[in-house]
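For reference, the structure discussed in these notes is given below.
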Amino acid sequence: MGKVEENKKKKKDAIVNSAFTLFIDHGIKDTSIADIMKRAELAKGTFYLYFKDKYEVRDYLVRKKAAQLFENAIAALSEEDVTGFDDKIIFIVDNILDQLNDNKILLKFISKNLSWGILRHSIENMPVNDGESAADYIEQLTEESGKQIRNLEMLVFMIAELVNSTAHSVILYQQPVELPELKKELYPLIINMIHSFEVVC
């Protein structure tokens with residue numbers, strides 16, 4: 001990376017990090033672009049070289065944070081001797097839940113702003129494993145397992161929605177149960193979901 005590209009990256013990172021802090025502290029609605037750039041110590045006009053508005057920054061942040069969660073889970077999986085497609089998916093979900101439990105501020109931000117469009121973009125485009133996307137990685141797991149999954153995208157969507165919707169109240173408010181109890185109920189559901197999408201020859 002040349003000096004110009006490196007400088008651009010530093011400025012973009014400064015904007016993104018500033019926005020994340022302000023979004024968490026004050027909410028997106030009460031954060032202005034001027035606030036973001038003041039905290040980033042950059043001229044306000046610089047913002048528009050990277051983003052069209054603060055909502056584009058929000059979407060970028062959700063994609064980036066979601067990709068980081070997945071990348072951390074993949075890295076942890078690579079250190080363990082886990083075999084079988086079902087067990088690998090459960091390991092990834094379990095790791096992501098633990099990460100969110102350890103970072104409740106991140107959970108609040110992601111779950112409040114997550115949509116399938118944003119998550120899909122993250123899964124398909126954000127590099128998480130030696131440059132490959134999460135979608136490529138999941139497809140690779142499927143191929144290695146020898147399973148045939150009909151509509152893999154729909155399966156991923158349903159698992160993501162199930163995990164996101166149940167984790168929010170459980171992790172933040174311990175309602176209606178605490179996280180270990182949720183996991184006991186959640187993982188069999190995910191496995192059944194996977195099996196329902198399997199094509200049996």
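Residue numbers start at 1 in each chain; chains themselves are named A, B, ... in the order of the structure tokens; ligands are numbered from 1 in the order shown.
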Contacts of Glu71 in chain A at 10 Å (only C-alpha atoms; same-chain gap of 4+ positions) as a PyMOL selection string:
chain A and resi 65-67+75-77+92+96+126-130+133-134
Go ahead and save the picked residues with all heavy atoms, as an mmCIF file, in the first residue's frame.
data_model
loop_
_atom_site.group_PDB
_atom_site.id
_atom_site.type_symbol
_atom_site.label_atom_id
_atom_site.label_comp_id
_atom_site.auth_asym_id
_atom_site.auth_seq_id
_atom_site.Cartn_x
_atom_site.Cartn_y
_atom_site.Cartn_z
ATOM 1 N N LYS A 65 -18.434 -4.995 11.510
ATOM 2 C CA LYS A 65 -18.475 -5.639 12.822
ATOM 3 C C LYS A 65 -18.989 -7.072 12.708
ATOM 4 O O LYS A 65 -18.483 -7.976 13.383
ATOM 5 C CB LYS A 65 -19.351 -4.844 13.786
ATOM 6 C CG LYS A 65 -18.871 -3.428 14.072
ATOM 7 C CD LYS A 65 -17.567 -3.405 14.806
ATOM 8 C CE LYS A 65 -17.132 -1.980 15.149
ATOM 9 N NZ LYS A 65 -15.815 -1.928 15.826
ATOM 10 N N ALA A 66 -19.986 -7.297 11.851
ATOM 11 C CA ALA A 66 -20.504 -8.646 11.645
ATOM 12 C C ALA A 66 -19.429 -9.545 11.045
ATOM 13 O O ALA A 66 -19.266 -10.707 11.456
ATOM 14 C CB ALA A 66 -21.733 -8.613 10.743
ATOM 15 N N ALA A 67 -18.680 -9.007 10.080
ATOM 16 C CA ALA A 67 -17.600 -9.778 9.466
ATOM 17 C C ALA A 67 -16.509 -10.111 10.483
ATOM 18 O O ALA A 67 -15.956 -11.216 10.477
ATOM 19 C CB ALA A 67 -17.006 -9.006 8.286
ATOM 20 N N ALA A 75 -11.504 -18.287 13.019
ATOM 21 C CA ALA A 75 -10.148 -18.458 13.567
ATOM 22 C C ALA A 75 -10.171 -19.420 14.755
ATOM 23 O O ALA A 75 -9.297 -20.292 14.883
ATOM 24 C CB ALA A 75 -9.578 -17.108 13.980
ATOM 25 N N ALA A 76 -11.176 -19.282 15.619
ATOM 26 C CA ALA A 76 -11.296 -20.187 16.771
ATOM 27 C C ALA A 76 -11.586 -21.612 16.315
ATOM 28 O O ALA A 76 -11.031 -22.575 16.863
ATOM 29 C CB ALA A 76 -12.407 -19.697 17.703
ATOM 30 N N LEU A 77 -12.425 -21.753 15.287
ATOM 31 C CA LEU A 77 -12.755 -23.082 14.762
ATOM 32 C C LEU A 77 -11.528 -23.782 14.196
ATOM 33 O O LEU A 77 -11.356 -24.998 14.372
ATOM 34 C CB LEU A 77 -13.837 -22.947 13.679
ATOM 35 C CG LEU A 77 -14.279 -24.225 12.967
ATOM 36 C CD1 LEU A 77 -14.844 -25.239 13.950
ATOM 37 C CD2 LEU A 77 -15.309 -23.904 11.887
ATOM 38 N N ILE A 92 -19.537 -22.137 15.317
ATOM 39 C CA ILE A 92 -19.481 -20.736 14.878
ATOM 40 C C ILE A 92 -20.534 -19.902 15.600
ATOM 41 O O ILE A 92 -20.250 -18.810 16.107
ATOM 42 C CB ILE A 92 -19.651 -20.652 13.341
ATOM 43 C CG1 ILE A 92 -18.409 -21.212 12.650
ATOM 44 C CG2 ILE A 92 -19.905 -19.208 12.894
ATOM 45 C CD1 ILE A 92 -18.565 -21.437 11.150
ATOM 46 N N ILE A 96 -19.840 -16.828 18.268
ATOM 47 C CA ILE A 96 -20.383 -15.488 18.037
ATOM 48 C C ILE A 96 -21.238 -15.049 19.222
ATOM 49 O O ILE A 96 -21.151 -13.899 19.673
ATOM 50 C CB ILE A 96 -21.174 -15.443 16.717
ATOM 51 C CG1 ILE A 96 -20.199 -15.534 15.540
ATOM 52 C CG2 ILE A 96 -22.018 -14.164 16.627
ATOM 53 C CD1 ILE A 96 -20.864 -15.693 14.185
ATOM 54 N N MET A 126 -17.512 -9.061 2.466
ATOM 55 C CA MET A 126 -16.443 -8.698 3.400
ATOM 56 C C MET A 126 -15.502 -9.892 3.576
ATOM 57 O O MET A 126 -15.946 -10.989 3.914
ATOM 58 C CB MET A 126 -17.019 -8.298 4.756
ATOM 59 C CG MET A 126 -17.921 -7.078 4.705
ATOM 60 S SD MET A 126 -17.049 -5.536 4.409
ATOM 61 C CE MET A 126 -16.660 -5.021 6.060
ATOM 62 N N PRO A 127 -14.193 -9.709 3.335
ATOM 63 C CA PRO A 127 -13.261 -10.825 3.494
ATOM 64 C C PRO A 127 -13.123 -11.224 4.962
ATOM 65 O O PRO A 127 -12.963 -10.380 5.836
ATOM 66 C CB PRO A 127 -11.941 -10.267 2.948
ATOM 67 C CG PRO A 127 -12.073 -8.788 3.054
ATOM 68 C CD PRO A 127 -13.525 -8.475 2.923
ATOM 69 N N VAL A 128 -13.217 -12.538 5.227
ATOM 70 C CA VAL A 128 -13.134 -13.004 6.611
ATOM 71 C C VAL A 128 -12.127 -14.132 6.793
ATOM 72 O O VAL A 128 -11.744 -14.458 7.909
ATOM 73 C CB VAL A 128 -14.510 -13.493 7.128
ATOM 74 C CG1 VAL A 128 -15.519 -12.362 7.169
ATOM 75 C CG2 VAL A 128 -15.044 -14.649 6.285
ATOM 76 N N ASN A 129 -11.687 -14.751 5.712
ATOM 77 C CA ASN A 129 -10.812 -15.913 5.850
ATOM 78 C C ASN A 129 -9.833 -15.951 4.680
ATOM 79 O O ASN A 129 -10.150 -16.467 3.625
ATOM 80 C CB ASN A 129 -11.656 -17.202 5.888
ATOM 81 C CG ASN A 129 -10.814 -18.434 6.138
ATOM 82 O OD1 ASN A 129 -9.959 -18.441 7.013
ATOM 83 N ND2 ASN A 129 -11.056 -19.474 5.359
ATOM 84 N N ASP A 130 -8.641 -15.362 4.890
ATOM 85 C CA ASP A 130 -7.637 -15.293 3.831
ATOM 86 C C ASP A 130 -8.207 -14.703 2.542
ATOM 87 O O ASP A 130 -7.945 -15.190 1.443
ATOM 88 C CB ASP A 130 -7.044 -16.678 3.559
ATOM 89 C CG ASP A 130 -6.225 -17.187 4.733
ATOM 90 O OD1 ASP A 130 -5.650 -16.353 5.455
ATOM 91 O OD2 ASP A 130 -6.180 -18.409 4.943
ATOM 92 N N SER A 133 -14.883 -14.701 1.269
ATOM 93 C CA SER A 133 -16.036 -14.186 1.994
ATOM 94 C C SER A 133 -16.627 -15.262 2.897
ATOM 95 O O SER A 133 -16.320 -16.450 2.764
ATOM 96 C CB SER A 133 -17.108 -13.716 0.997
ATOM 97 O OG SER A 133 -17.671 -14.837 0.333
ATOM 98 N N ALA A 134 -17.504 -14.827 3.802
ATOM 99 C CA ALA A 134 -18.201 -15.777 4.669
ATOM 100 C C ALA A 134 -19.046 -16.732 3.835
ATOM 101 O O ALA A 134 -19.137 -17.925 4.148
ATOM 102 C CB ALA A 134 -19.072 -15.022 5.678
#
Name all residues at most 12 Å from range 118-124 of chain A (count only C-alpha atoms; drop same-chain ones fewer than 4 positions away) and give them as a ChimeraX atom specification.
/A:55-71,110-111,113-114,128-129,131-139,153-154,156-158,160-161,164
Please list as a PyMOL selection string every residue within 10 Å of Ala19 in chain A, counting only C-alpha atoms and excluding residues in the same chain fewer than 4 positions away.
chain A and resi 13-15+23-25+27-28+31-33+35-37+39-40+54+57-58+61
Would you mind exporting C-alpha atoms of the selected residues as a PDB file, in the first residue's frame?
ATOM      1  CA  ASP A  13     -10.724   4.479   9.785  1.00  0.00           C
ATOM      2  CA  ALA A  14     -10.762   7.709  11.819  1.00  0.00           C
ATOM      3  CA  ILE A  15     -14.226   8.572  10.485  1.00  0.00           C
ATOM      4  CA  PHE A  23     -23.451   6.223  17.620  1.00  0.00           C
ATOM      5  CA  ILE A  24     -22.999   4.152  20.779  1.00  0.00           C
ATOM      6  CA  ASP A  25     -22.881   7.159  23.117  1.00  0.00           C
ATOM      7  CA  GLY A  27     -27.438   7.240  18.987  1.00  0.00           C
ATOM      8  CA  ILE A  28     -27.423   7.703  15.238  1.00  0.00           C
ATOM      9  CA  THR A  31     -25.107  12.297  15.927  1.00  0.00           C
ATOM     10  CA  SER A  32     -24.326  14.744  13.129  1.00  0.00           C
ATOM     11  CA  ILE A  33     -21.669  14.512  10.458  1.00  0.00           C
ATOM     12  CA  ASP A  35     -19.869  15.688  15.351  1.00  0.00           C
ATOM     13  CA  ILE A  36     -18.223  12.719  13.634  1.00  0.00           C
ATOM     14  CA  MET A  37     -15.631  14.836  11.870  1.00  0.00           C
ATOM     15  CA  ARG A  39     -14.119  13.823  16.942  1.00  0.00           C
ATOM     16  CA  ALA A  40     -12.075  12.410  14.040  1.00  0.00           C
ATOM     17  CA  LYS A  54     -24.146   8.948   8.303  1.00  0.00           C
ATOM     18  CA  VAL A  57     -21.362   4.828   7.771  1.00  0.00           C
ATOM     19  CA  ARG A  58     -23.803   2.903   9.987  1.00  0.00           C
ATOM     20  CA  LEU A  61     -19.997  -0.438  10.486  1.00  0.00           C
TER      21      LEU A  61
END
Pull the closest atom pair for each residue of range 41-154 of chain A that gets at most 12 Å from range 1-9 of chain A, along with the distance in Å to one decimal, counting only C-alpha atoms, ordering rows by chain and then ascending residue number, as a tab-separated table.
residue	atom	partner	partner_atom	distance
A:Leu42	CA	A:Lys8	CA	12.0
A:Thr46	CA	A:Lys8	CA	10.2
A:Phe47	CA	A:Lys8	CA	11.3
A:Leu49	CA	A:Lys8	CA	9.5
A:Tyr50	CA	A:Lys8	CA	9.0
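If you measure from each of A:Val16, A:Met193, A:Leu97, A:Leu179 to Val163 in chain A using only C-alpha atoms, the closest one turns out to be A:Leu97.
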Could you check how far CA of Cys201 in chain A sits from CA of Tyr187 in chain A, in Å to one decimal?
25.2 Å
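Distance annotation: of A:Lys104, A:Glu144, A:Leu162, A:Asp30, the residue with the minimal separation from Glu185 in chain A is A:Leu162; atom set is only C-alpha atoms.
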